[in-house]
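Shown next: structure29.csv, containing CSV, C-alpha atoms and all ligand atoms.
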chain,number,residue,atom,x,y,z
A,1,MET,CA,-40.9,87.6,12.1
A,2,THR,CA,-44.5,86.4,12.5
A,3,GLU,CA,-46.1,83.9,10.3
A,4,SER,CA,-47.8,86.2,7.8
A,5,PRO,CA,-44.6,88.1,6.7
A,6,ALA,CA,-42.7,84.8,6.7
A,7,LYS,CA,-45.3,83.3,4.3
A,8,LYS,CA,-44.9,86.4,2.0
A,9,ARG,CA,-41.1,86.2,2.1
A,10,ILE,CA,-41.2,82.4,1.4
A,11,ILE,CA,-43.3,83.0,-1.7
A,12,ALA,CA,-40.9,85.7,-3.0
A,13,LEU,CA,-37.9,83.4,-2.3
A,14,HIS,CA,-39.5,80.5,-4.1
A,15,GLU,CA,-40.1,82.7,-7.1
A,16,LEU,CA,-36.6,84.1,-7.2
A,17,LEU,CA,-34.8,80.7,-6.5
A,18,ASN,CA,-36.9,78.9,-9.1
A,19,GLN,CA,-36.0,81.6,-11.7
A,20,TYR,CA,-32.3,81.3,-10.8
A,21,ASN,CA,-32.4,77.5,-10.9
A,22,HIS,CA,-33.9,77.6,-14.4
A,23,GLN,CA,-31.2,80.1,-15.6
A,24,TYR,CA,-28.4,78.1,-14.0
A,25,TYR,CA,-29.4,74.4,-14.6
A,26,VAL,CA,-31.6,74.6,-17.8
A,27,LEU,CA,-30.2,77.5,-19.7
A,28,ASP,CA,-26.5,77.3,-18.3
A,29,GLU,CA,-26.9,81.1,-18.0
A,30,PRO,CA,-26.8,82.2,-14.4
A,31,SER,CA,-27.9,85.8,-13.8
A,32,VAL,CA,-26.6,86.2,-10.2
A,33,PRO,CA,-23.3,85.1,-8.5
A,34,ASP,CA,-23.5,81.8,-6.5
A,35,ILE,CA,-22.9,83.7,-3.3
A,36,GLU,CA,-26.2,85.6,-3.8
A,37,TYR,CA,-28.0,82.3,-4.6
A,38,ASP,CA,-26.6,80.6,-1.5
A,39,ARG,CA,-27.6,83.6,0.7
A,40,LEU,CA,-31.2,83.4,-0.5
A,41,MET,CA,-31.3,79.6,-0.1
A,42,ARG,CA,-30.0,80.0,3.4
A,43,GLU,CA,-32.6,82.6,4.2
A,44,LEU,CA,-35.4,80.2,2.9
A,45,ILE,CA,-34.0,77.3,5.0
A,46,GLU,CA,-33.9,79.5,8.1
A,47,ILE,CA,-37.5,80.6,7.7
A,48,GLU,CA,-38.6,77.1,7.0
A,49,THR,CA,-36.8,75.9,10.1
A,50,GLU,CA,-38.6,78.6,12.2
A,51,PHE,CA,-42.0,77.9,10.5
A,52,PRO,CA,-41.9,74.2,9.5
A,53,GLU,CA,-45.6,74.3,8.6
A,54,LEU,CA,-44.6,76.7,5.7
A,55,LYS,CA,-42.2,74.2,4.2
A,56,THR,CA,-43.8,72.7,1.1
A,57,LEU,CA,-42.7,69.7,-1.0
A,58,ASP,CA,-42.2,71.9,-4.0
A,59,SER,CA,-39.9,74.3,-2.1
A,60,PRO,CA,-36.5,74.9,-3.8
A,61,SER,CA,-34.9,73.8,-0.6
A,62,GLN,CA,-36.3,70.3,-1.3
A,63,LYS,CA,-35.3,70.0,-4.9
A,64,VAL,CA,-32.2,68.9,-6.8
A,65,GLY,CA,-31.1,70.8,-9.9
A,66,GLY,CA,-33.5,71.6,-12.8
A,67,ALA,CA,-35.7,69.8,-15.2
A,68,PRO,CA,-33.8,67.9,-18.0
A,69,LEU,CA,-33.8,69.6,-21.4
A,70,LYS,CA,-36.4,68.2,-23.9
A,71,ALA,CA,-33.8,68.3,-26.7
A,72,PHE,CA,-32.2,65.2,-25.2
A,73,THR,CA,-33.8,61.8,-24.6
A,74,GLN,CA,-34.3,61.2,-20.9
A,75,VAL,CA,-32.7,58.7,-18.5
A,76,THR,CA,-34.3,57.6,-15.3
A,77,HIS,CA,-31.7,57.1,-12.6
A,78,GLN,CA,-32.1,53.7,-10.9
A,79,VAL,CA,-30.3,55.3,-7.9
A,80,PRO,CA,-31.2,59.0,-7.5
A,81,MET,CA,-28.5,61.5,-8.0
A,82,LEU,CA,-28.6,63.9,-5.1
A,83,SER,CA,-27.0,67.2,-4.2
A,84,LEU,CA,-24.9,68.0,-1.1
A,85,ASP,CA,-25.7,70.1,1.9
A,86,ASN,CA,-23.3,73.0,2.5
A,87,VAL,CA,-21.4,74.4,5.4
A,88,PHE,CA,-19.3,77.6,5.2
A,89,SER,CA,-17.4,77.7,8.5
A,90,ALA,CA,-15.6,75.5,11.1
A,91,GLN,CA,-18.6,76.2,13.5
A,92,GLU,CA,-21.1,74.9,10.9
A,93,TRP,CA,-18.9,71.9,10.2
A,94,GLN,CA,-18.9,71.1,13.9
A,95,ALA,CA,-22.7,71.3,13.9
A,96,PHE,CA,-22.8,68.8,11.0
A,97,ASP,CA,-20.5,66.5,13.0
A,98,LYS,CA,-22.7,66.8,16.1
A,99,ARG,CA,-25.8,65.9,14.0
A,100,ILE,CA,-23.9,62.7,12.8
A,101,GLN,CA,-23.0,61.7,16.4
A,102,ASP,CA,-26.6,62.4,17.6
A,103,ARG,CA,-28.1,60.3,14.8
A,104,LEU,CA,-25.7,57.5,15.3
A,105,LYS,CA,-26.2,57.8,19.1
A,106,SER,CA,-22.4,57.5,19.4
A,107,THR,CA,-19.6,59.7,20.6
A,108,GLN,CA,-17.1,57.6,18.7
A,109,ASP,CA,-15.0,59.4,16.1
A,110,TYR,CA,-15.2,58.1,12.5
A,111,ALA,CA,-13.1,58.1,9.4
A,112,LEU,CA,-13.9,60.4,6.5
A,113,CYS,CA,-13.2,60.5,2.8
A,114,ALA,CA,-12.0,64.0,2.0
A,115,GLU,CA,-12.3,65.3,-1.6
A,116,PRO,CA,-12.1,68.6,-3.4
A,117,LYS,CA,-15.5,69.9,-4.5
A,118,LEU,CA,-15.0,69.9,-8.3
A,119,ASP,CA,-16.8,72.7,-10.0
A,120,GLY,CA,-18.4,71.0,-13.0
A,121,LEU,CA,-21.4,68.9,-13.8
A,122,ALA,CA,-22.5,65.6,-12.2
A,123,VAL,CA,-22.7,62.7,-14.6
A,124,SER,CA,-23.6,59.0,-14.2
A,125,ILE,CA,-21.8,56.6,-16.5
A,126,ARG,CA,-23.2,53.1,-17.0
A,127,TYR,CA,-21.0,50.1,-17.8
A,128,GLU,CA,-22.5,46.8,-18.8
A,129,ASN,CA,-20.1,43.9,-18.7
A,130,GLY,CA,-17.3,46.4,-18.6
A,131,VAL,CA,-18.4,48.3,-21.6
A,132,PHE,CA,-19.4,52.0,-21.6
A,133,VAL,CA,-23.1,52.0,-22.7
A,134,GLN,CA,-24.7,55.2,-21.3
A,135,ALA,CA,-24.0,58.6,-19.7
A,136,ALA,CA,-26.6,60.9,-18.2
A,137,THR,CA,-26.7,64.3,-16.4
A,138,ARG,CA,-28.1,64.6,-12.9
A,139,GLY,CA,-31.1,66.6,-14.2
A,140,ASP,CA,-33.6,66.8,-11.3
A,141,GLY,CA,-32.0,63.9,-9.5
A,142,THR,CA,-34.5,61.4,-10.8
A,143,THR,CA,-34.4,62.0,-14.5
A,144,GLY,CA,-31.4,63.2,-16.4
A,145,GLU,CA,-30.4,63.9,-20.0
A,146,ASN,CA,-28.9,61.2,-22.2
A,147,ILE,CA,-25.5,62.6,-23.1
A,148,THR,CA,-23.9,59.3,-24.0
A,149,GLU,CA,-22.3,60.4,-27.3
A,150,ASN,CA,-20.9,63.6,-25.7
A,151,VAL,CA,-19.4,61.8,-22.8
A,152,ARG,CA,-17.9,59.2,-25.1
A,153,THR,CA,-15.7,62.0,-26.5
A,154,ILE,CA,-14.0,62.6,-23.1
A,155,LYS,CA,-10.6,61.0,-23.6
A,156,SER,CA,-9.9,60.1,-19.9
A,157,ILE,CA,-13.1,58.1,-19.6
A,158,PRO,CA,-12.5,54.4,-20.5
A,159,LEU,CA,-14.9,52.9,-23.1
A,160,LYS,CA,-13.9,49.5,-21.7
A,161,LEU,CA,-13.0,48.9,-18.0
A,162,VAL,CA,-9.5,47.6,-17.3
A,163,GLY,CA,-9.2,43.9,-16.2
A,164,ASP,CA,-12.2,41.7,-15.5
A,165,ASP,CA,-13.1,42.3,-11.8
A,166,TYR,CA,-16.3,44.3,-12.0
A,167,PRO,CA,-20.0,43.6,-11.5
A,168,PRO,CA,-22.1,43.0,-14.7
A,169,VAL,CA,-23.7,46.5,-14.3
A,170,LEU,CA,-21.8,49.4,-12.8
A,171,GLU,CA,-22.8,53.0,-12.6
A,172,VAL,CA,-20.0,55.4,-11.9
A,173,ARG,CA,-20.8,58.8,-10.6
A,174,GLY,CA,-18.5,61.7,-11.0
A,175,GLU,CA,-17.9,65.3,-12.2
A,176,VAL,CA,-17.2,66.3,-15.8
A,177,PHE,CA,-15.2,69.6,-15.7
A,178,MET,CA,-13.1,71.8,-17.9
A,179,PRO,CA,-9.5,72.2,-16.7
A,180,LYS,CA,-8.5,75.8,-16.2
A,181,ALA,CA,-6.0,75.8,-19.1
A,182,SER,CA,-8.7,74.5,-21.6
A,183,PHE,CA,-11.1,77.1,-20.3
A,184,GLU,CA,-8.6,79.9,-20.9
A,185,GLN,CA,-7.8,78.7,-24.3
A,186,LEU,CA,-11.5,78.3,-25.2
A,187,ASN,CA,-12.2,81.9,-24.2
A,188,ALA,CA,-9.1,83.3,-25.9
A,189,THR,CA,-10.2,81.7,-29.1
A,190,ALA,CA,-13.7,83.0,-28.7
A,191,ILE,CA,-12.3,86.5,-28.1
A,192,LYS,CA,-10.2,86.3,-31.3
A,193,LYS,CA,-13.3,85.2,-33.3
A,194,ALA,CA,-15.4,88.0,-31.6
A,195,GLU,CA,-17.7,85.2,-30.2
A,196,LYS,CA,-19.2,85.1,-26.7
A,197,THR,CA,-17.1,83.8,-23.8
A,198,PHE,CA,-18.0,81.6,-20.9
A,199,ALA,CA,-18.3,83.1,-17.4
A,200,ASN,CA,-16.4,80.3,-15.7
A,201,PRO,CA,-15.2,76.7,-16.2
A,202,ARG,CA,-18.4,75.3,-14.7
A,203,ASN,CA,-20.5,77.0,-17.3
A,204,ALA,CA,-18.1,76.1,-20.1
A,205,ALA,CA,-18.3,72.4,-19.0
A,206,ALA,CA,-22.1,72.5,-18.8
A,207,GLY,CA,-22.4,74.2,-22.2
A,208,SER,CA,-19.9,71.8,-23.8
A,209,LEU,CA,-21.6,68.7,-22.4
A,210,ARG,CA,-25.1,69.6,-23.3
A,211,GLN,CA,-24.4,70.0,-27.0
A,212,LEU,CA,-26.6,68.4,-29.6
A,213,ASP,CA,-23.5,67.9,-31.8
A,214,SER,CA,-20.9,65.7,-30.0
A,215,LYS,CA,-18.2,66.9,-32.5
A,216,ILE,CA,-18.3,70.2,-30.6
A,217,THR,CA,-18.0,68.5,-27.2
A,218,ALA,CA,-15.0,66.5,-28.6
A,219,LYS,CA,-13.1,69.8,-29.3
A,220,ARG,CA,-13.7,71.1,-25.7
A,221,ASN,CA,-11.0,69.2,-23.7
A,222,LEU,CA,-13.3,68.1,-20.9
A,223,ALA,CA,-12.0,65.9,-18.0
A,224,PHE,CA,-13.6,63.6,-15.5
A,225,TYR,CA,-13.0,62.5,-11.9
A,226,ALA,CA,-15.1,59.7,-10.4
A,227,TYR,CA,-16.4,60.3,-6.8
A,228,GLY,CA,-19.0,57.6,-6.2
A,229,ILE,CA,-21.0,54.6,-7.3
A,230,GLY,CA,-24.7,54.6,-8.3
A,231,TYR,CA,-26.5,51.4,-9.3
A,232,VAL,CA,-24.7,48.1,-9.2
A,233,GLY,CA,-26.3,45.0,-10.7
A,234,GLY,CA,-25.5,41.3,-11.0
A,235,GLU,CA,-26.3,38.3,-13.1
A,236,ASN,CA,-29.2,37.2,-11.0
A,237,GLU,CA,-31.0,37.8,-7.7
A,238,GLN,CA,-28.4,35.8,-5.7
A,239,ASP,CA,-25.5,37.5,-7.3
A,240,ASN,CA,-26.6,41.1,-7.3
A,241,GLY,CA,-23.2,42.6,-7.7
A,242,GLN,CA,-23.1,44.0,-4.2
A,243,SER,CA,-20.4,41.5,-3.0
A,244,TRP,CA,-17.9,43.3,-5.3
A,245,LEU,CA,-18.3,46.6,-3.4
A,246,ALA,CA,-15.8,47.5,-0.6
A,247,ASN,CA,-17.3,48.7,2.7
A,248,SER,CA,-15.3,52.0,2.6
A,249,HIS,CA,-16.1,54.9,0.3
A,250,TYR,CA,-12.4,55.6,-0.2
A,251,GLN,CA,-11.8,52.0,-1.1
A,252,ARG,CA,-14.6,52.1,-3.6
A,253,LEU,CA,-12.9,55.1,-5.3
A,254,CYS,CA,-9.7,53.0,-5.4
A,255,GLN,CA,-11.7,50.1,-7.0
A,256,LEU,CA,-12.9,52.5,-9.7
A,257,LYS,CA,-9.3,53.7,-10.2
A,258,THR,CA,-8.1,50.1,-10.7
A,259,LEU,CA,-10.8,49.8,-13.4
A,260,GLY,CA,-9.2,52.7,-15.2
A,261,LEU,CA,-11.5,55.5,-14.1
A,262,PRO,CA,-9.7,58.8,-13.2
A,263,MET,CA,-9.7,59.6,-9.4
A,264,CYS,CA,-8.9,63.1,-8.2
A,265,PRO,CA,-5.3,62.9,-6.8
A,266,GLU,CA,-6.1,65.1,-3.9
A,267,VAL,CA,-8.6,62.7,-2.4
A,268,LYS,CA,-7.6,61.5,1.0
A,269,LEU,CA,-8.8,59.1,3.7
A,270,LEU,CA,-8.9,60.9,7.1
A,271,LYS,CA,-8.6,58.8,10.2
A,272,ASN,CA,-10.9,61.1,12.2
A,273,THR,CA,-12.8,64.4,12.3
A,274,GLY,CA,-9.8,66.1,13.9
A,275,GLU,CA,-8.1,66.1,10.4
A,276,VAL,CA,-11.0,67.9,8.6
A,277,GLU,CA,-9.9,71.5,9.2
A,278,ALA,CA,-6.3,70.8,8.1
A,279,PHE,CA,-7.5,69.2,4.8
A,280,TYR,CA,-9.8,72.1,4.1
A,281,GLN,CA,-7.0,74.7,4.8
A,282,ASP,CA,-4.5,72.7,2.7
A,283,ILE,CA,-6.8,72.6,-0.3
A,284,LEU,CA,-7.8,76.2,0.1
A,285,THR,CA,-4.1,77.3,0.2
A,286,ASN,CA,-3.3,75.2,-2.9
A,287,ARG,CA,-6.4,76.1,-4.8
A,288,GLN,CA,-4.7,78.3,-7.3
A,289,ALA,CA,-2.1,75.7,-8.1
A,290,LEU,CA,-4.7,73.0,-9.0
A,291,SER,CA,-5.3,72.5,-12.7
A,292,TYR,CA,-9.0,72.5,-12.2
A,293,GLU,CA,-11.6,74.8,-10.6
A,294,ILE,CA,-13.0,73.9,-7.2
A,295,ASP,CA,-15.4,75.7,-4.9
A,296,GLY,CA,-14.7,73.9,-1.6
A,297,THR,CA,-14.1,70.5,-0.1
A,298,VAL,CA,-16.4,67.5,0.4
A,299,PHE,CA,-16.3,65.2,3.5
A,300,LYS,CA,-18.1,61.9,3.4
A,301,VAL,CA,-18.4,59.4,6.3
A,302,ASP,CA,-16.2,56.6,5.0
A,303,ASP,CA,-17.9,53.5,6.5
A,304,ILE,CA,-20.7,52.4,4.2
A,305,ASN,CA,-22.6,50.8,7.1
A,306,LEU,CA,-22.6,54.2,8.9
A,307,GLN,CA,-23.7,55.8,5.6
A,308,GLU,CA,-26.6,53.4,5.4
A,309,LYS,CA,-27.6,54.1,9.0
A,310,LEU,CA,-27.5,57.9,8.4
A,311,GLY,CA,-29.5,57.8,5.1
A,312,PHE,CA,-30.8,60.7,3.1
A,313,VAL,CA,-33.0,63.8,3.4
A,314,ALA,CA,-35.0,65.1,0.4
A,315,ARG,CA,-32.1,66.4,-1.7
A,316,ALA,CA,-28.9,65.2,0.0
A,317,PRO,CA,-27.2,62.4,1.9
A,318,ARG,CA,-26.9,62.9,5.7
A,319,TRP,CA,-23.4,61.3,5.6
A,320,ALA,CA,-21.7,64.0,3.3
A,321,ILE,CA,-21.2,67.7,3.5
A,322,ALA,CA,-19.7,70.3,1.2
A,323,TYR,CA,-17.5,72.6,3.2
A,324,LYS,CA,-17.4,75.5,0.8
A,325,PHE,CA,-14.7,78.2,0.3
A,326,PRO,CA,-15.5,81.9,0.6
A,327,ALA,CA,-16.8,83.0,-2.8
A,328,GLN,CA,-14.3,84.5,-5.3
A,329,GLU,CA,-16.8,85.1,-8.0
A,330,GLU,CA,-18.4,88.4,-7.0
A,331,LEU,CA,-15.6,89.7,-9.2
A,332,THR,CA,-16.7,87.6,-12.2
A,333,THR,CA,-19.0,89.2,-14.7
A,334,LEU,CA,-21.9,87.0,-15.6
A,335,GLU,CA,-22.9,89.0,-18.6
A,336,ASP,CA,-21.3,87.0,-21.4
A,337,VAL,CA,-22.4,83.5,-20.8
A,338,GLU,CA,-22.7,81.3,-23.9
A,339,PHE,CA,-25.8,79.2,-24.4
A,340,GLN,CA,-25.6,76.9,-27.4
A,341,VAL,CA,-28.0,73.9,-26.9
A,401,LIG,P1,-23.6,71.7,-5.1
A,401,LIG,O1,-22.9,72.0,-6.3
A,401,LIG,O2,-23.5,72.6,-4.0
A,401,LIG,O3,-23.2,70.2,-4.6
A,401,LIG,C1,-23.6,69.0,-5.2
A,401,LIG,C2,-22.8,68.7,-6.4
A,401,LIG,O4,-21.4,68.8,-6.1
A,401,LIG,C3,-22.9,67.3,-7.0
A,401,LIG,O5,-24.1,67.1,-7.7
A,401,LIG,C4,-21.7,67.2,-7.8
A,401,LIG,O6,-21.9,67.6,-9.1
A,401,LIG,C5,-20.7,68.2,-7.2
A,401,LIG,N1,-19.5,67.6,-6.6
A,401,LIG,C6,-18.3,68.2,-6.8
A,401,LIG,N2,-17.3,67.5,-6.2
A,401,LIG,C7,-17.9,66.4,-5.6
A,401,LIG,C8,-17.5,65.4,-4.8
A,401,LIG,N3,-16.2,65.2,-4.5
A,401,LIG,N4,-18.4,64.5,-4.3
A,401,LIG,C9,-19.7,64.6,-4.6
A,401,LIG,N5,-20.2,65.6,-5.3
A,401,LIG,C10,-19.3,66.5,-5.8
A,401,LIG,O7,-25.1,71.5,-5.4
A,401,LIG,P2,-26.0,71.7,-6.6
A,401,LIG,O8,-27.3,71.3,-6.2
A,401,LIG,O9,-25.4,71.2,-7.9
A,401,LIG,O10,-25.9,73.3,-6.8
A,401,LIG,C11,-26.1,74.2,-5.8
A,401,LIG,C12,-25.1,75.3,-6.0
A,401,LIG,O11,-25.1,75.7,-7.3
A,401,LIG,C13,-25.5,76.4,-5.1
A,401,LIG,O12,-25.0,76.3,-3.8
A,401,LIG,C14,-25.0,77.6,-5.9
A,401,LIG,O13,-23.6,77.7,-5.5
A,401,LIG,C15,-25.0,77.1,-7.4
A,401,LIG,N6,-26.2,77.6,-8.0
A,401,LIG,C16,-26.1,78.9,-8.5
A,401,LIG,C17,-27.2,79.5,-9.1
A,401,LIG,C18,-27.0,80.9,-9.6
A,401,LIG,O14,-28.0,81.4,-10.1
A,401,LIG,N7,-25.9,81.5,-9.5
A,401,LIG,C19,-28.4,78.8,-9.3
A,401,LIG,C20,-28.4,77.5,-8.9
A,401,LIG,C21,-27.3,76.9,-8.2

Once more with this new file: its structure as structure tokens, please.
Amino acid sequence: MTESPAKKRIIALHELLNQYNHQYYVLDEPSVPDIEYDRLMRELIEIETEFPELKTLDSPSQKVGGAPLKAFTQVTHQVPMLSLDNVFSAQEWQAFDKRIQDRLKSTQDYALCAEPKLDGLAVSIRYENGVFVQAATRGDGTTGENITENVRTIKSIPLKLVGDDYPPVLEVRGEVFMPKASFEQLNATAIKKAEKTFANPRNAAAGSLRQLDSKITAKRNLAFYAYGIGYVGGENEQDNGQSWLANSHYQRLCQLKTLGLPMCPEVKLLKNTGEVEAFYQDILTNRQALSYEIDGTVFKVDDINLQEKLGFVARAPRWAIAYKFPAQEELTTLEDVEFQV
């Protein structure tokens, strides 16, 4: 392709992807299957890689999520909530690994925290002196929606942390999702009442969480797994809360678990990259038996010092990757998605 058709195609892809983003993130009403969205996004990234001068700051490839809904008050994230880059094959995973080694200028193997990729909604929960004070959606990564009252209704999220070993301010990052059984029950009830059904548990979780009436959220049986830490603050400049943090991502999740936050039982610390493929295959094989929907696995460099060396790109950390499963959902009809905000 020469530059002129590339430019035209980029404009068309921006338009399409912006439209799909709005439908998915703002309206909770996707109009195309994820596989189609991912295909178009890949095409955009490939053209931008070939013609870097055509990559603009407002490209969908550089953005996280969608704008927060005006119906909610807004929350500015002190630590941005980013997305994840994707790989879809062992070969692409190896290319990710090579980029890590190149960047670290090291051929040394490294430990990884391996996690299922939960198919729900990213949420940041803020505890001050151990008390739940605020919850927000990811939004566009910088500004999210204040959904405190809705998240407060999720039974597995502690309103007070367990024990007394935590920093004065602690932001917990994780996924709110709807377990498969709750999703099936919700749709069965909707069918009985001749109401609209949700296309999948992700949409059901998003629609349930972004309700203006938290009594509706309370009835929806949502669940939560923590998968990271956002802002941490202390009493003063000397004691900024950082000393509380373990130097391993996996250990940090265990710290959250000790405080009473739910941690996904499938999460595993891998000693080296040689264990990645087995974890991916194992989760893929057991996918149906899990009580919650996933769309892949996530691998994160475990050592926080290495994470800091690797840093971030515009929309995702360089130290983590989503190794996604082949799509199932071409079979899912996207016609009957509920939108209730
Ligand atoms: P993503 O879902 O691919 O990955 C990032 C998100 O993964 C995080 O924000 C978090 O919510 C989630 N996550 C789940 N488990 C996690 C774990 N263990 N650790 C860390 N994060 C975890 O990225 P995205 O930016 O939210 O969405 C992009 C994807 O959404 C696309 O690849 C596509 O599949 C779908 N999408 C579809 C449409 C559509 O029209 N069908 C539109 C937009 C996006």

>> Please list as a VMD selection string every residue within 12 Å of Arg220 (chain A), counting only C-alpha atoms and excluding residues in the same chain fewer than 3 positions away.
In response: chain A and resid 150 to 151 153 to 155 176 to 187 189 201 204 to 211 213 to 217 223

> Taking into account only C-alpha atoms, which residue in the set A:Leu284, A:Ala246, A:Val123, A:Val75 is nearest to Gly144 (chain A)?
Replying inline: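 With only C-alpha atoms as the atom set, the closest residue is A:Val75.
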
> Can you tell me, as JSON, numbers by chain, what residues are no more than 7 Å from region 45-56 of chain A when counting only C-alpha atoms, ignoring any on the same chain fewer than 5 positions away?
Replying inline: {"A": [6, 7, 61]}

Proximity of chain A to ligand LIG 401 (chain A): per-residue shortest pair, 7 Å limit, only C-alpha atoms and all ligand atoms, as a tab-separated table:
residue	atom	partner	partner_atom	distance
A:Tyr20	CA	A:LIG401	O14	4.4
A:Asn21	CA	A:LIG401	C20	4.5
A:Gln23	CA	A:LIG401	O14	6.5
A:Tyr24	CA	A:LIG401	C19	4.8
A:Tyr25	CA	A:LIG401	C20	6.6
A:Pro30	CA	A:LIG401	O14	4.5
A:Ser31	CA	A:LIG401	O14	5.7
A:Val32	CA	A:LIG401	N7	4.8
A:Pro33	CA	A:LIG401	N7	4.6
A:Asp34	CA	A:LIG401	N7	3.9
A:Ile35	CA	A:LIG401	O13	6.4
A:Tyr37	CA	A:LIG401	C18	5.3
A:Asp38	CA	A:LIG401	O12	5.1
A:Val64	CA	A:LIG401	O8	5.5
A:Gly65	CA	A:LIG401	O8	5.3
A:Leu82	CA	A:LIG401	O5	6.1
A:Ser83	CA	A:LIG401	C1	4.0
A:Leu84	CA	A:LIG401	C1	4.4
A:Asp85	CA	A:LIG401	O2	6.8
A:Asn86	CA	A:LIG401	O2	6.5
A:Glu115	CA	A:LIG401	N3	4.9
A:Pro116	CA	A:LIG401	N3	5.4
A:Lys117	CA	A:LIG401	N2	3.4
A:Leu118	CA	A:LIG401	N2	3.9
A:Asp119	CA	A:LIG401	C6	5.7
A:Gly120	CA	A:LIG401	O6	6.2
A:Leu121	CA	A:LIG401	O6	4.9
A:Ala122	CA	A:LIG401	O6	3.7
A:Glu175	CA	A:LIG401	O6	5.6
A:Tyr227	CA	A:LIG401	N4	5.3
A:Val298	CA	A:LIG401	N3	5.4
A:Ala322	CA	A:LIG401	O3	6.8

Deliver the residues from the most recent selection as a file, using C-alpha atoms, as an mmCIF file, in the frame of the given file.
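Below is the file part_8.cif, written as the result:
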data_model
loop_
_atom_site.group_PDB
_atom_site.id
_atom_site.type_symbol
_atom_site.label_atom_id
_atom_site.label_comp_id
_atom_site.auth_asym_id
_atom_site.auth_seq_id
_atom_site.Cartn_x
_atom_site.Cartn_y
_atom_site.Cartn_z
ATOM 1 C CA TYR A 20 -32.300 81.300 -10.800
ATOM 2 C CA ASN A 21 -32.400 77.500 -10.900
ATOM 3 C CA GLN A 23 -31.200 80.100 -15.600
ATOM 4 C CA TYR A 24 -28.400 78.100 -14.000
ATOM 5 C CA TYR A 25 -29.400 74.400 -14.600
ATOM 6 C CA PRO A 30 -26.800 82.200 -14.400
ATOM 7 C CA SER A 31 -27.900 85.800 -13.800
ATOM 8 C CA VAL A 32 -26.600 86.200 -10.200
ATOM 9 C CA PRO A 33 -23.300 85.100 -8.500
ATOM 10 C CA ASP A 34 -23.500 81.800 -6.500
ATOM 11 C CA ILE A 35 -22.900 83.700 -3.300
ATOM 12 C CA TYR A 37 -28.000 82.300 -4.600
ATOM 13 C CA ASP A 38 -26.600 80.600 -1.500
ATOM 14 C CA VAL A 64 -32.200 68.900 -6.800
ATOM 15 C CA GLY A 65 -31.100 70.800 -9.900
ATOM 16 C CA LEU A 82 -28.600 63.900 -5.100
ATOM 17 C CA SER A 83 -27.000 67.200 -4.200
ATOM 18 C CA LEU A 84 -24.900 68.000 -1.100
ATOM 19 C CA ASP A 85 -25.700 70.100 1.900
ATOM 20 C CA ASN A 86 -23.300 73.000 2.500
ATOM 21 C CA GLU A 115 -12.300 65.300 -1.600
ATOM 22 C CA PRO A 116 -12.100 68.600 -3.400
ATOM 23 C CA LYS A 117 -15.500 69.900 -4.500
ATOM 24 C CA LEU A 118 -15.000 69.900 -8.300
ATOM 25 C CA ASP A 119 -16.800 72.700 -10.000
ATOM 26 C CA GLY A 120 -18.400 71.000 -13.000
ATOM 27 C CA LEU A 121 -21.400 68.900 -13.800
ATOM 28 C CA ALA A 122 -22.500 65.600 -12.200
ATOM 29 C CA GLU A 175 -17.900 65.300 -12.200
ATOM 30 C CA TYR A 227 -16.400 60.300 -6.800
ATOM 31 C CA VAL A 298 -16.400 67.500 0.400
ATOM 32 C CA ALA A 322 -19.700 70.300 1.200
#

>> With distances taken over only C-alpha atoms, which residue among A:Lys324, A:Arg318, A:Lys309, A:Arg252 lies nearest Ile283 (chain A)?
In response: A:Lys324

> Counting all atoms listed in the file, which of A:Ala226, A:Ala90, A:Cys254, A:Leu306 gets nearest to Trp319 (chain A)?
Replying inline: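 Among the listed residues, the smallest separation from Trp319 (chain A) belongs to A:Leu306.
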
> So which residues are close to (-11.8, 52.8, -10.5), meaning at most 12 Å away in the file's coordinates with all atoms listed in the file counted, and can you show them as a PyMOL selection string?
Replying inline: chain A and resi 130+157-158+160-163+165-166+170-174+225-229+245-246+249-264

I need the residues from that last selection saved to file as a compact mmCIF listing (two decimals), keeping the file's coordinate frame (with C-alpha atoms), if you can.
# COMPACT_ATOMS: atom_id res chain seq x y z
CA GLY A 130 -17.30 46.40 -18.60
CA ILE A 157 -13.10 58.10 -19.60
CA PRO A 158 -12.50 54.40 -20.50
CA LYS A 160 -13.90 49.50 -21.70
CA LEU A 161 -13.00 48.90 -18.00
CA VAL A 162 -9.50 47.60 -17.30
CA GLY A 163 -9.20 43.90 -16.20
CA ASP A 165 -13.10 42.30 -11.80
CA TYR A 166 -16.30 44.30 -12.00
CA LEU A 170 -21.80 49.40 -12.80
CA GLU A 171 -22.80 53.00 -12.60
CA VAL A 172 -20.00 55.40 -11.90
CA ARG A 173 -20.80 58.80 -10.60
CA GLY A 174 -18.50 61.70 -11.00
CA TYR A 225 -13.00 62.50 -11.90
CA ALA A 226 -15.10 59.70 -10.40
CA TYR A 227 -16.40 60.30 -6.80
CA GLY A 228 -19.00 57.60 -6.20
CA ILE A 229 -21.00 54.60 -7.30
CA LEU A 245 -18.30 46.60 -3.40
CA ALA A 246 -15.80 47.50 -0.60
CA HIS A 249 -16.10 54.90 0.30
CA TYR A 250 -12.40 55.60 -0.20
CA GLN A 251 -11.80 52.00 -1.10
CA ARG A 252 -14.60 52.10 -3.60
CA LEU A 253 -12.90 55.10 -5.30
CA CYS A 254 -9.70 53.00 -5.40
CA GLN A 255 -11.70 50.10 -7.00
CA LEU A 256 -12.90 52.50 -9.70
CA LYS A 257 -9.30 53.70 -10.20
CA THR A 258 -8.10 50.10 -10.70
CA LEU A 259 -10.80 49.80 -13.40
CA GLY A 260 -9.20 52.70 -15.20
CA LEU A 261 -11.50 55.50 -14.10
CA PRO A 262 -9.70 58.80 -13.20
CA MET A 263 -9.70 59.60 -9.40
CA CYS A 264 -8.90 63.10 -8.20
